[in-house]
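Structure data follow from input_36.pdb (PDB, C-alpha atoms and all ligand atoms):
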```
ATOM      1  CA  MET A 577     195.847 175.865 183.686
ATOM      2  CA  THR A 578     195.506 175.080 179.998
ATOM      3  CA  CYS A 579     194.151 177.314 177.273
ATOM      4  CA  SER A 580     191.932 176.248 174.443
ATOM      5  CA  GLY A 581     189.918 178.084 171.823
ATOM      6  CA  PHE A 582     188.501 178.317 168.338
ATOM      7  CA  VAL A 583     190.266 180.213 165.595
ATOM      8  CA  GLY A 584     187.997 180.762 162.561
ATOM      9  CA  LEU A 585     189.804 181.181 159.236
ATOM     10  CA  ALA A 586     188.150 183.596 156.864
ATOM     11  CA  GLY A 587     189.276 184.741 153.456
ATOM     12  CA  ARG A 588     188.553 184.764 149.757
ATOM     13  CA  PRO A 589     188.702 181.467 147.869
ATOM     14  CA  ASN A 590     192.203 180.266 147.030
ATOM     15  CA  VAL A 591     194.175 182.505 149.425
ATOM     16  CA  GLY A 592     195.641 179.454 151.185
ATOM     17  CA  LYS A 593     193.444 178.886 154.263
ATOM     18  CA  SER A 594     193.504 175.092 154.013
ATOM     19  CA  THR A 595     197.240 175.056 153.289
ATOM     20  CA  LEU A 596     197.687 177.139 156.437
ATOM     21  CA  VAL A 597     195.549 174.828 158.585
ATOM     22  CA  ASN A 598     197.567 171.817 157.390
ATOM     23  CA  ALA A 599     200.844 173.622 158.061
ATOM     24  CA  LEU A 600     199.797 174.711 161.561
ATOM     25  CA  VAL A 601     198.410 171.301 162.492
ATOM     26  CA  GLY A 602     201.279 169.435 160.836
ATOM     27  CA  ALA A 603     198.987 166.961 159.061
ATOM     28  CA  HIS A 604     196.992 166.737 155.842
ATOM     29  CA  VAL A 605     193.555 167.389 157.320
ATOM     30  CA  ALA A 606     192.136 169.726 154.679
ATOM     31  CA  ILE A 607     192.421 169.334 150.937
ATOM     32  CA  VAL A 608     194.171 171.946 148.821
ATOM     33  CA  SER A 609     193.923 172.779 145.142
ATOM     34  CA  MET A 610     194.669 175.558 142.726
ATOM     35  CA  ARG A 611     190.898 175.864 142.084
ATOM     36  CA  PRO A 612     188.856 178.388 144.048
ATOM     37  CA  GLN A 613     186.142 176.927 146.301
ATOM     38  CA  THR A 614     187.982 173.782 147.216
ATOM     39  CA  THR A 615     186.745 173.645 150.810
ATOM     40  CA  ARG A 616     183.034 172.861 151.273
ATOM     41  CA  ARG A 617     182.687 172.031 154.941
ATOM     42  CA  ALA A 618     183.975 173.593 158.136
ATOM     43  CA  ILE A 619     186.920 171.355 159.049
ATOM     44  CA  ARG A 620     188.457 171.574 162.464
ATOM     45  CA  GLY A 621     192.206 171.109 162.587
ATOM     46  CA  VAL A 622     193.550 170.612 166.097
ATOM     47  CA  TYR A 623     196.947 171.913 167.207
ATOM     48  CA  THR A 624     198.058 171.149 170.749
ATOM     49  CA  ASP A 625     201.246 172.497 172.277
ATOM     50  CA  VAL A 626     201.494 170.119 175.217
ATOM     51  CA  ASP A 627     204.493 171.948 176.758
ATOM     52  CA  ALA A 628     202.727 175.294 176.739
ATOM     53  CA  GLY A 629     199.408 173.649 177.665
ATOM     54  CA  CYS A 630     197.551 175.285 174.828
ATOM     55  CA  GLN A 631     195.166 173.942 172.183
ATOM     56  CA  LEU A 632     194.048 175.813 169.098
ATOM     57  CA  ILE A 633     191.094 174.537 167.123
ATOM     58  CA  LEU A 634     191.621 175.932 163.652
ATOM     59  CA  VAL A 635     188.339 176.051 161.784
ATOM     60  CA  ASP A 636     189.041 175.895 158.058
ATOM     61  CA  LEU A 637     186.174 177.474 156.191
ATOM     62  CA  PRO A 638     185.044 177.740 152.573
ATOM     63  CA  GLY A 639     186.299 180.866 150.821
ATOM     64  CA  VAL A 640     183.762 183.668 151.019
ATOM     65  CA  GLN A 641     182.125 184.727 147.788
ATOM     66  CA  ARG A 642     178.729 185.629 146.398
ATOM     67  CA  PRO A 643     176.370 182.619 146.694
ATOM     68  CA  ARG A 644     175.377 181.154 143.321
ATOM     69  CA  ASP A 645     173.529 177.999 144.231
ATOM     70  CA  GLU A 646     172.252 176.100 147.248
ATOM     71  CA  LEU A 647     175.713 174.659 147.879
ATOM     72  CA  THR A 648     177.488 178.038 147.996
ATOM     73  CA  GLU A 649     174.652 179.548 150.007
ATOM     74  CA  ARG A 650     175.042 176.870 152.655
ATOM     75  CA  MET A 651     178.808 177.322 152.662
ATOM     76  CA  GLN A 652     178.311 181.044 153.223
ATOM     77  CA  HIS A 653     175.902 180.575 156.134
ATOM     78  CA  ARG A 654     178.253 178.113 157.704
ATOM     79  CA  VAL A 655     181.084 180.625 157.534
ATOM     80  CA  GLU A 656     179.009 183.269 159.284
ATOM     81  CA  ARG A 657     177.903 180.874 162.034
ATOM     82  CA  GLU A 658     181.383 179.500 162.648
ATOM     83  CA  LEU A 659     182.906 182.948 162.860
ATOM     84  CA  ALA A 660     180.265 184.044 165.342
ATOM     85  CA  ASP A 661     181.337 181.101 167.545
ATOM     86  CA  SER A 662     185.094 181.681 167.274
ATOM     87  CA  ASP A 663     187.351 183.179 169.939
ATOM     88  CA  VAL A 664     189.670 184.677 167.334
ATOM     89  CA  ALA A 665     189.221 185.377 163.631
ATOM     90  CA  LEU A 666     192.184 184.731 161.371
ATOM     91  CA  LEU A 667     191.654 186.669 158.177
ATOM     92  CA  VAL A 668     193.883 185.286 155.438
ATOM     93  CA  VAL A 669     194.705 187.484 152.443
ATOM     94  CA  ASN A 670     196.753 186.733 149.359
ATOM     95  CA  GLY A 671     199.862 188.923 149.606
ATOM     96  CA  GLU A 672     200.746 188.210 146.003
ATOM     97  CA  GLU A 673     197.479 189.703 144.722
ATOM     98  CA  GLY A 674     197.235 192.364 147.400
ATOM     99  CA  VAL A 675     194.223 193.515 149.390
ATOM    100  CA  GLY A 676     191.086 194.086 147.303
ATOM    101  CA  PRO A 677     187.341 194.685 147.584
ATOM    102  CA  GLY A 678     186.698 191.009 148.405
ATOM    103  CA  ASP A 679     188.967 191.243 151.448
ATOM    104  CA  ARG A 680     187.307 194.476 152.569
ATOM    105  CA  PHE A 681     183.904 192.798 152.269
ATOM    106  CA  ILE A 682     185.055 189.878 154.420
ATOM    107  CA  ALA A 683     186.572 192.192 157.049
ATOM    108  CA  ARG A 684     183.175 193.905 157.333
ATOM    109  CA  THR A 685     181.428 190.514 157.581
ATOM    110  CA  LEU A 686     183.733 189.610 160.468
ATOM    111  CA  LEU A 687     182.809 192.755 162.339
ATOM    112  CA  ALA A 688     179.128 192.091 161.767
ATOM    113  CA  ALA A 689     179.326 188.377 162.682
ATOM    114  CA  GLY A 690     178.758 188.830 166.407
ATOM    115  CA  PRO A 691     180.468 190.094 169.529
ATOM    116  CA  ARG A 692     183.813 191.759 168.821
ATOM    117  CA  ILE A 693     186.632 189.202 168.785
ATOM    118  CA  PRO A 694     190.307 189.811 167.981
ATOM    119  CA  ILE A 695     190.945 189.822 164.232
ATOM    120  CA  VAL A 696     194.412 188.732 163.184
ATOM    121  CA  CYS A 697     195.351 189.086 159.540
ATOM    122  CA  ALA A 698     197.816 186.688 157.883
ATOM    123  CA  VAL A 699     199.313 188.011 154.652
ATOM    124  CA  ASN A 700     199.996 184.726 152.860
ATOM    125  CA  LYS A 701     202.129 183.716 149.881
ATOM    126  CA  ALA A 702     204.966 185.933 151.143
ATOM    127  CA  ASP A 703     207.292 183.622 149.178
ATOM    128  CA  ARG A 704     205.893 185.302 146.046
ATOM    129  CA  LEU A 705     206.619 188.843 147.214
ATOM    130  CA  GLY A 706     209.680 190.814 146.165
ATOM    131  CA  PRO A 707     211.631 192.853 148.750
ATOM    132  CA  ASN A 708     209.755 196.058 147.872
ATOM    133  CA  GLU A 709     206.316 194.460 147.823
ATOM    134  CA  MET A 710     206.160 193.245 151.411
ATOM    135  CA  VAL A 711     205.764 196.584 153.206
ATOM    136  CA  PRO A 712     202.842 197.860 151.074
ATOM    137  CA  ALA A 713     201.107 194.466 151.309
ATOM    138  CA  LEU A 714     201.366 194.549 155.105
ATOM    139  CA  SER A 715     200.224 198.135 155.463
ATOM    140  CA  ASP A 716     197.206 197.572 153.176
ATOM    141  CA  ALA A 717     196.260 194.589 155.326
ATOM    142  CA  ALA A 718     196.696 196.606 158.525
ATOM    143  CA  GLU A 719     194.239 199.171 157.172
ATOM    144  CA  LEU A 720     191.456 196.621 156.726
ATOM    145  CA  GLU A 721     188.545 197.524 158.947
ATOM    146  CA  GLY A 722     188.719 195.727 162.302
ATOM    147  CA  VAL A 723     192.141 194.129 161.773
ATOM    148  CA  ASP A 724     194.144 194.297 165.002
ATOM    149  CA  GLU A 725     197.460 192.718 163.967
ATOM    150  CA  VAL A 726     199.185 191.575 160.801
ATOM    151  CA  PHE A 727     201.585 188.666 160.240
ATOM    152  CA  PRO A 728     203.416 187.965 156.973
ATOM    153  CA  ILE A 729     203.553 184.216 156.302
ATOM    154  CA  SER A 730     204.073 181.540 153.708
ATOM    155  CA  ALA A 731     201.748 178.655 154.468
ATOM    156  CA  ARG A 732     203.486 176.683 151.749
ATOM    157  CA  SER A 733     207.034 176.981 153.141
ATOM    158  CA  GLY A 734     206.154 177.457 156.803
ATOM    159  CA  TRP A 735     207.919 180.824 156.958
ATOM    160  CA  GLY A 736     206.491 183.160 159.600
ATOM    161  CA  LEU A 737     204.261 180.557 161.244
ATOM    162  CA  PRO A 738     205.883 180.306 164.732
ATOM    163  CA  PRO A 739     205.165 183.948 165.736
ATOM    164  CA  LEU A 740     201.606 183.629 164.405
ATOM    165  CA  LEU A 741     201.012 180.439 166.418
ATOM    166  CA  GLU A 742     202.426 182.037 169.522
ATOM    167  CA  ARG A 743     200.145 185.053 169.204
ATOM    168  CA  LEU A 744     197.056 182.913 168.576
ATOM    169  CA  GLY A 745     197.916 180.970 171.723
ATOM    170  CA  GLU A 746     197.896 184.223 173.695
ATOM    171  CA  LEU A 747     194.519 185.223 172.298
ATOM    172  CA  VAL A 748     192.492 182.092 173.132
ATOM    173  CA  PRO A 749     190.890 181.853 176.576
ATOM    174  CA  ASP A 750     191.931 179.652 179.494
ATOM    175  CA  GLY A 751     190.064 176.381 179.621
ATOM    176  CA  PRO A 752     190.291 172.611 179.280
ATOM    177  CA  TYR A 753     191.262 170.959 175.980
ATOM    178  CA  MET A 754     188.275 170.289 173.759
ATOM    179  CA  TYR A 755     189.936 167.465 171.798
ATOM    180  CA  PRO A 756     192.428 164.816 172.886
ATOM    181  CA  PRO A 757     195.908 166.331 172.372
ATOM    182  CA  GLU A 758     196.874 163.554 169.923
ATOM    183  CA  ASP A 759     193.991 164.380 167.541
ATOM    184  CA  SER A 760     194.684 166.480 164.463
ATOM    185  CA  SER A 761     191.144 166.809 163.101
ATOM    186  CA  ASP A 762     187.489 166.218 163.921
ATOM    187  CA  GLN A 763     186.706 164.615 160.576
ATOM    188  CA  SER A 764     185.512 161.045 160.281
ATOM    189  CA  SER A 765     187.991 158.805 158.548
ATOM    190  CA  GLU A 766     185.519 158.157 155.728
ATOM    191  CA  LEU A 767     185.016 161.838 155.035
ATOM    192  CA  LEU A 768     188.755 162.459 155.014
ATOM    193  CA  LEU A 769     189.260 159.622 152.501
ATOM    194  CA  ALA A 770     186.478 161.017 150.302
ATOM    195  CA  GLU A 771     188.093 164.447 150.443
ATOM    196  CA  LEU A 772     191.502 163.051 149.513
ATOM    197  CA  ILE A 773     189.922 161.443 146.430
ATOM    198  CA  ARG A 774     188.176 164.728 145.589
ATOM    199  CA  GLU A 775     191.518 166.517 145.914
ATOM    200  CA  GLN A 776     192.843 164.343 143.092
ATOM    201  CA  VAL A 777     189.796 165.123 140.942
ATOM    202  CA  LEU A 778     190.275 168.867 141.538
ATOM    203  CA  ASN A 779     193.931 168.762 140.641
ATOM    204  CA  ARG A 780     193.444 166.661 137.521
ATOM    205  CA  THR A 781     190.384 168.205 135.860
ATOM    206  CA  ARG A 782     189.452 171.617 134.508
ATOM    207  CA  GLN A 783     186.635 174.089 133.922
ATOM    208  CA  GLU A 784     183.297 173.159 135.416
ATOM    209  CA  ILE A 785     184.277 169.653 136.520
ATOM    210  CA  PRO A 786     185.936 170.569 139.844
ATOM    211  CA  HIS A 787     182.821 172.360 141.102
ATOM    212  CA  SER A 788     180.422 169.687 139.886
ATOM    213  CA  VAL A 789     182.027 166.752 141.614
ATOM    214  CA  GLU A 790     181.426 165.235 145.018
ATOM    215  CA  VAL A 791     182.942 162.012 146.316
ATOM    216  CA  SER A 792     181.241 159.534 148.597
ATOM    217  CA  VAL A 793     183.070 156.649 150.280
ATOM    218  CA  LYS A 794     180.754 153.649 150.416
ATOM    219  CA  GLU A 795     182.881 151.054 152.134
ATOM    220  CA  VAL A 796     186.252 150.636 153.816
ATOM    221  CA  LEU A 797     187.318 147.047 154.492
ATOM    222  CA  THR A 798     190.568 145.935 156.092
ATOM    223  CA  ARG A 799     191.580 142.404 155.200
ATOM    224  CA  GLU A 800     193.590 140.146 157.459
ATOM    225  CA  ASP A 801     196.745 140.779 155.430
ATOM    226  CA  GLU A 802     196.235 144.538 156.084
ATOM    227  CA  LEU A 803     195.194 145.407 152.531
ATOM    228  CA  VAL A 804     192.492 148.085 152.781
ATOM    229  CA  THR A 805     189.761 148.064 150.169
ATOM    230  CA  VAL A 806     188.068 151.436 149.660
ATOM    231  CA  ARG A 807     184.943 151.586 147.517
ATOM    232  CA  ALA A 808     183.962 155.100 146.484
ATOM    233  CA  GLU A 809     181.676 156.920 144.085
ATOM    234  CA  ILE A 810     182.536 160.060 142.194
ATOM    235  CA  TRP A 811     179.391 162.032 141.405
ATOM    236  CA  ALA A 812     179.057 164.221 138.374
ATOM    237  CA  GLU A 813     176.002 166.278 137.476
ATOM    238  CA  THR A 814     175.689 165.356 133.798
ATOM    239  CA  GLU A 815     176.497 162.508 131.412
ATOM    240  CA  SER A 816     179.018 164.685 129.606
ATOM    241  CA  GLN A 817     180.882 165.420 132.842
ATOM    242  CA  LYS A 818     180.878 161.703 133.541
ATOM    243  CA  ARG A 819     182.442 161.052 130.142
ATOM    244  CA  ILE A 820     185.163 163.637 130.827
ATOM    245  CA  LEU A 821     185.888 162.103 134.220
ATOM    246  CA  ILE A 822     186.238 158.647 132.712
ATOM    247  CA  GLY A 823     188.255 159.888 129.759
ATOM    248  CA  LYS A 824     189.308 158.147 126.557
ATOM    249  CA  SER A 825     189.421 154.405 127.266
ATOM    250  CA  GLY A 826     189.276 155.222 130.964
ATOM    251  CA  ALA A 827     192.526 157.216 130.939
ATOM    252  CA  LYS A 828     191.316 160.035 133.198
ATOM    253  CA  ILE A 829     189.680 157.879 135.836
ATOM    254  CA  SER A 830     192.715 155.660 136.004
ATOM    255  CA  GLU A 831     194.974 158.714 136.450
ATOM    256  CA  ILE A 832     192.692 159.954 139.268
ATOM    257  CA  GLY A 833     192.636 156.473 140.770
ATOM    258  CA  ILE A 834     196.421 156.134 140.825
ATOM    259  CA  GLY A 835     196.872 159.553 142.491
ATOM    260  CA  ALA A 836     194.082 158.875 144.974
ATOM    261  CA  ARG A 837     195.407 155.443 145.885
ATOM    262  CA  ARG A 838     198.823 156.924 146.703
ATOM    263  CA  SER A 839     197.229 159.610 148.807
ATOM    264  CA  LEU A 840     195.041 157.096 150.695
ATOM    265  CA  GLU A 841     198.027 154.810 151.272
ATOM    266  CA  ALA A 842     199.997 157.704 152.770
ATOM    267  CA  GLU A 843     197.049 158.556 155.018
ATOM    268  CA  LEU A 844     196.271 154.994 156.133
ATOM    269  CA  GLY A 845     199.827 153.687 156.245
ATOM    270  CA  ALA A 846     198.691 150.550 154.424
ATOM    271  CA  LYS A 847     198.349 149.132 150.926
ATOM    272  CA  VAL A 848     195.057 150.210 149.392
ATOM    273  CA  HIS A 849     192.847 148.717 146.739
ATOM    274  CA  LEU A 850     190.677 151.544 145.436
ATOM    275  CA  ASP A 851     187.450 150.817 143.623
ATOM    276  CA  LEU A 852     186.182 154.031 141.973
ATOM    277  CA  ASN A 853     182.841 154.340 140.247
ATOM    278  CA  VAL A 854     181.645 157.442 138.369
ATOM    279  CA  ARG A 855     177.886 158.119 138.680
ATOM    280  CA  VAL A 856     175.597 160.860 137.475
ATOM    281  CA  ARG A 857     173.570 162.520 140.226
ATOM    282  CA  LYS A 858     171.700 165.308 138.544
ATOM    283  CA  HIS A 859     171.623 168.623 140.448
ATOM    284  CA  TRP A 860     173.219 167.201 143.591
ATOM    285  CA  ARG A 861     174.341 170.733 144.462
ATOM    286  CA  ARG A 862     170.715 171.809 144.758
ATOM    287  CA  ASP A 863     169.378 168.767 146.591
ATOM    288  CA  GLU A 864     168.762 169.986 150.146
ATOM    289  CA  ASP A 865     168.270 166.524 151.671
ATOM    290  CA  LEU A 866     171.405 165.264 150.035
ATOM    291  CA  LEU A 867     173.436 168.266 151.183
ATOM    292  CA  ASP A 868     172.188 167.569 154.729
ATOM    293  CA  ARG A 869     173.355 163.986 154.472
ATOM    294  CA  LEU A 870     176.692 165.114 153.099
ATOM    295  CA  GLY A 871     177.197 167.217 156.197
ATOM    296  CA  ILE A 872     177.205 170.460 154.196
ATOM    297  CA  GLU A 873     174.925 172.392 156.490
TER     298      GLU A 873
HETATM  299  N1  LIG B 901     203.171 180.370 146.581
HETATM  300  C1  LIG B 901     202.335 180.003 147.542
HETATM  301  N2  LIG B 901     201.215 179.320 147.234
HETATM  302  C2  LIG B 901     200.394 178.980 148.241
HETATM  303  C3  LIG B 901     200.668 179.313 149.600
HETATM  304  N3  LIG B 901     199.647 178.857 150.361
HETATM  305  C4  LIG B 901     198.775 178.252 149.513
HETATM  306  N4  LIG B 901     199.219 178.308 148.242
HETATM  307  C5  LIG B 901     198.557 177.751 147.039
HETATM  308  O1  LIG B 901     197.326 178.432 146.839
HETATM  309  C6  LIG B 901     196.339 177.539 146.275
HETATM  310  C7  LIG B 901     195.086 177.553 147.112
HETATM  311  O2  LIG B 901     195.357 176.978 148.393
HETATM  312  P1  LIG B 901     194.184 176.466 149.359
HETATM  313  O3  LIG B 901     194.825 176.181 150.673
HETATM  314  O4  LIG B 901     193.391 175.385 148.720
HETATM  315  O5  LIG B 901     193.303 177.804 149.450
HETATM  316  P2  LIG B 901     191.938 178.053 150.266
HETATM  317  O6  LIG B 901     191.986 179.452 150.782
HETATM  318  O7  LIG B 901     191.728 176.985 151.276
HETATM  319  O8  LIG B 901     190.851 177.956 149.113
HETATM  320  P3  LIG B 901     189.250 177.601 149.228
HETATM  321  O9  LIG B 901     189.107 176.328 149.981
HETATM  322  O10 LIG B 901     188.843 177.465 147.819
HETATM  323  O11 LIG B 901     188.609 178.767 149.907
HETATM  324  C8  LIG B 901     197.025 176.173 146.200
HETATM  325  O12 LIG B 901     197.497 175.986 144.894
HETATM  326  C9  LIG B 901     198.163 176.293 147.213
HETATM  327  O13 LIG B 901     199.241 175.438 146.926
HETATM  328  C10 LIG B 901     201.885 180.026 149.891
HETATM  329  O14 LIG B 901     202.221 180.371 151.016
HETATM  330  N5  LIG B 901     202.668 180.345 148.812
HETATM  331 MG    MG B 902     190.245 175.606 151.467
END
```
Hey, can you dump this file as structure tokens for me?
Amino acid sequence: MTCSGFVGLAGRPNVGKSTLVNALVGAHVAIVSMRPQTTRRAIRGVYTDVDAGCQLILVDLPGVQRPRDELTERMQHRVERELADSDVALLVVNGEEGVGPGDRFIARTLLAAGPRIPIVCAVNKADRLGPNEMVPALSDAAELEGVDEVFPISARSGWGLPPLLERLGELVPDGPYMYPPEDSSDQSSELLLAELIREQVLNRTRQEIPHSVEVSVKEVLTREDELVTVRAEIWAETESQKRILIGKSGAKISEIGIGARRSLEAELGAKVHLDLNVRVRKHWRRDEDLLDRLGIE
């Protein structure tokens, strides 16, 4: 008999949920940046332990915060729905910053999300904690309302992940695999490529730009000699953001392009020709039809 279940990751922006999903799955399925609100969609990372006969579907979710626009409101609703459908909630907190009101708010949201499911708390960024800081961080996390168990981890280094994985495997129900064991994510290839390009934008721009940008892959063509041509658009909301993204004599867009091409080549295992175009799409974050089409539901 195999086991298989959904583990919903909840937590404030920037605590390391996506880094943790990548580390557990062992593949770059979710993008990571130092900016809060990196993740916009629910991304399923799939981890299958074929020997143990167990599959965990790790649902990476946007960081929970107060909705400010249509985009964040949709992200918030998605989080609530996904958590209501999970078998286990994995609440990730930032051990370096310690437990705060935002974490307490999320713990309460988890309890209110639906039928009571096990809530496991991962205290992340343990690599940043001194020897005397670990115990208080863990006991604060254990006191969060509804939290059943606490695991100290470093998603970045991989420290502490094996016991967490083992416990999650015990908590999901018996049942058939929901994804082929060789899969690592449910994302379409085009969406993953768009996200990898957006990851470069996030890590190479500042202030309002990261939040204002979306990336759309228009075309992926593989030539006979295996060169892959990817044509993508980077959307900004205003002309001035577009100018910043392009940079002086195109310096910024070429920096983004070089980083993105490397990332796409690593993902596709092939040489890539990347054709990037910056466009203004006013108020895309408030355009309901567009958000539907982008799969941000
Ligand atoms: N030192 C340290 N940094 C980490 C660790 N895990 C994640 N980070 C860093 O924390 C930042 C945020 O990581 P993400 O994985 O994007 O965080 P997130 O919770 O998915 O953020 P949102 O998608 O915005 O909700 C990045 O700069 C990561 O490199 C860790 O274990 N140790
Ligand atoms: Mg994330």
Do you know which residues are within 7 Å of ligand MG 902 (chain B) using all atoms listed in the file? Can you write them as a VMD selection string? chain A and resid 590 592 to 594 606 to 608 613 to 615 636 to 639
Residue nearest Val796 (chain A) - candidates A:Ser765, A:Asn670, A:Gln783, A:Thr648, atoms counted: all atoms listed in the file: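 Among the listed residues, the smallest separation from Val796 (chain A) belongs to A:Ser765.
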Using all atoms listed in the file: which of A:Glu873, A:Glu758, A:Glu815, A:Glu672 has the shortest distance to Ile785 (chain A):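 Checking each of A:Glu873, A:Glu758, A:Glu815, A:Glu672 against Ile785 (chain A), counting all atoms listed in the file, the winner is A:Glu815.
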Pro612 (chain A) proximity check over A:Thr798, A:Ser733, A:Asn700, A:Asn779, using all atoms listed in the file: winner is A:Asn779
Selected by the PyMOL selection byres (((chain A and resi 585) around 10) and not hetatm) in the shown coordinates: which residues, as number ranges by chain? A: 582-584, 586-587, 593-594, 596-597, 618, 634-639, 655, 658-659, 662, 664-668, 696-698
Expand the PyMOL selection byres (((chain A and resi 781) around 12) and not hetatm) into the individual residues it matches in the shown file, reporting them as a list in words. Ser609, Met610, Arg611, Arg774, Glu775, Gln776, Val777, Leu778, Asn779, Arg780, Arg782, Gln783, Glu784, Ile785, Pro786, His787, Ser788, Val789, Gln817, Lys818, Ile820, Leu821, Ile822, Gly823, Lys828, Ile829, Glu831 and Ile832 of chain A
Could you spell out the hits of the PyMOL selection byres (((chain A and resi 857) around 6) and not hetatm) on the shown file, as number ranges by chain? A: 811, 813, 856, 858, 860
Let me know the centre plus edge lengths, in Å and rounded to one decimal, of a box with edges along x, y and z that contains all listed atoms of ligand LIG 901 (chain B) and is padded by 4 Å on every side, as AutoDock Vina command-line options.
```
--center_x 195.9 --center_y 177.9 --center_z 148.1 --size_x 22.6 --size_y 13.0 --size_z 14.4
```
Check the smallest atom-to-atom distance from each of A:Leu744, A:Ala683, A:Ala770, A:Leu705 to ligand LIG 901 (chain B) using only C-alpha atoms and all ligand atoms, then report the winner.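 Under the stated criterion, the closest residue is A:Leu705.
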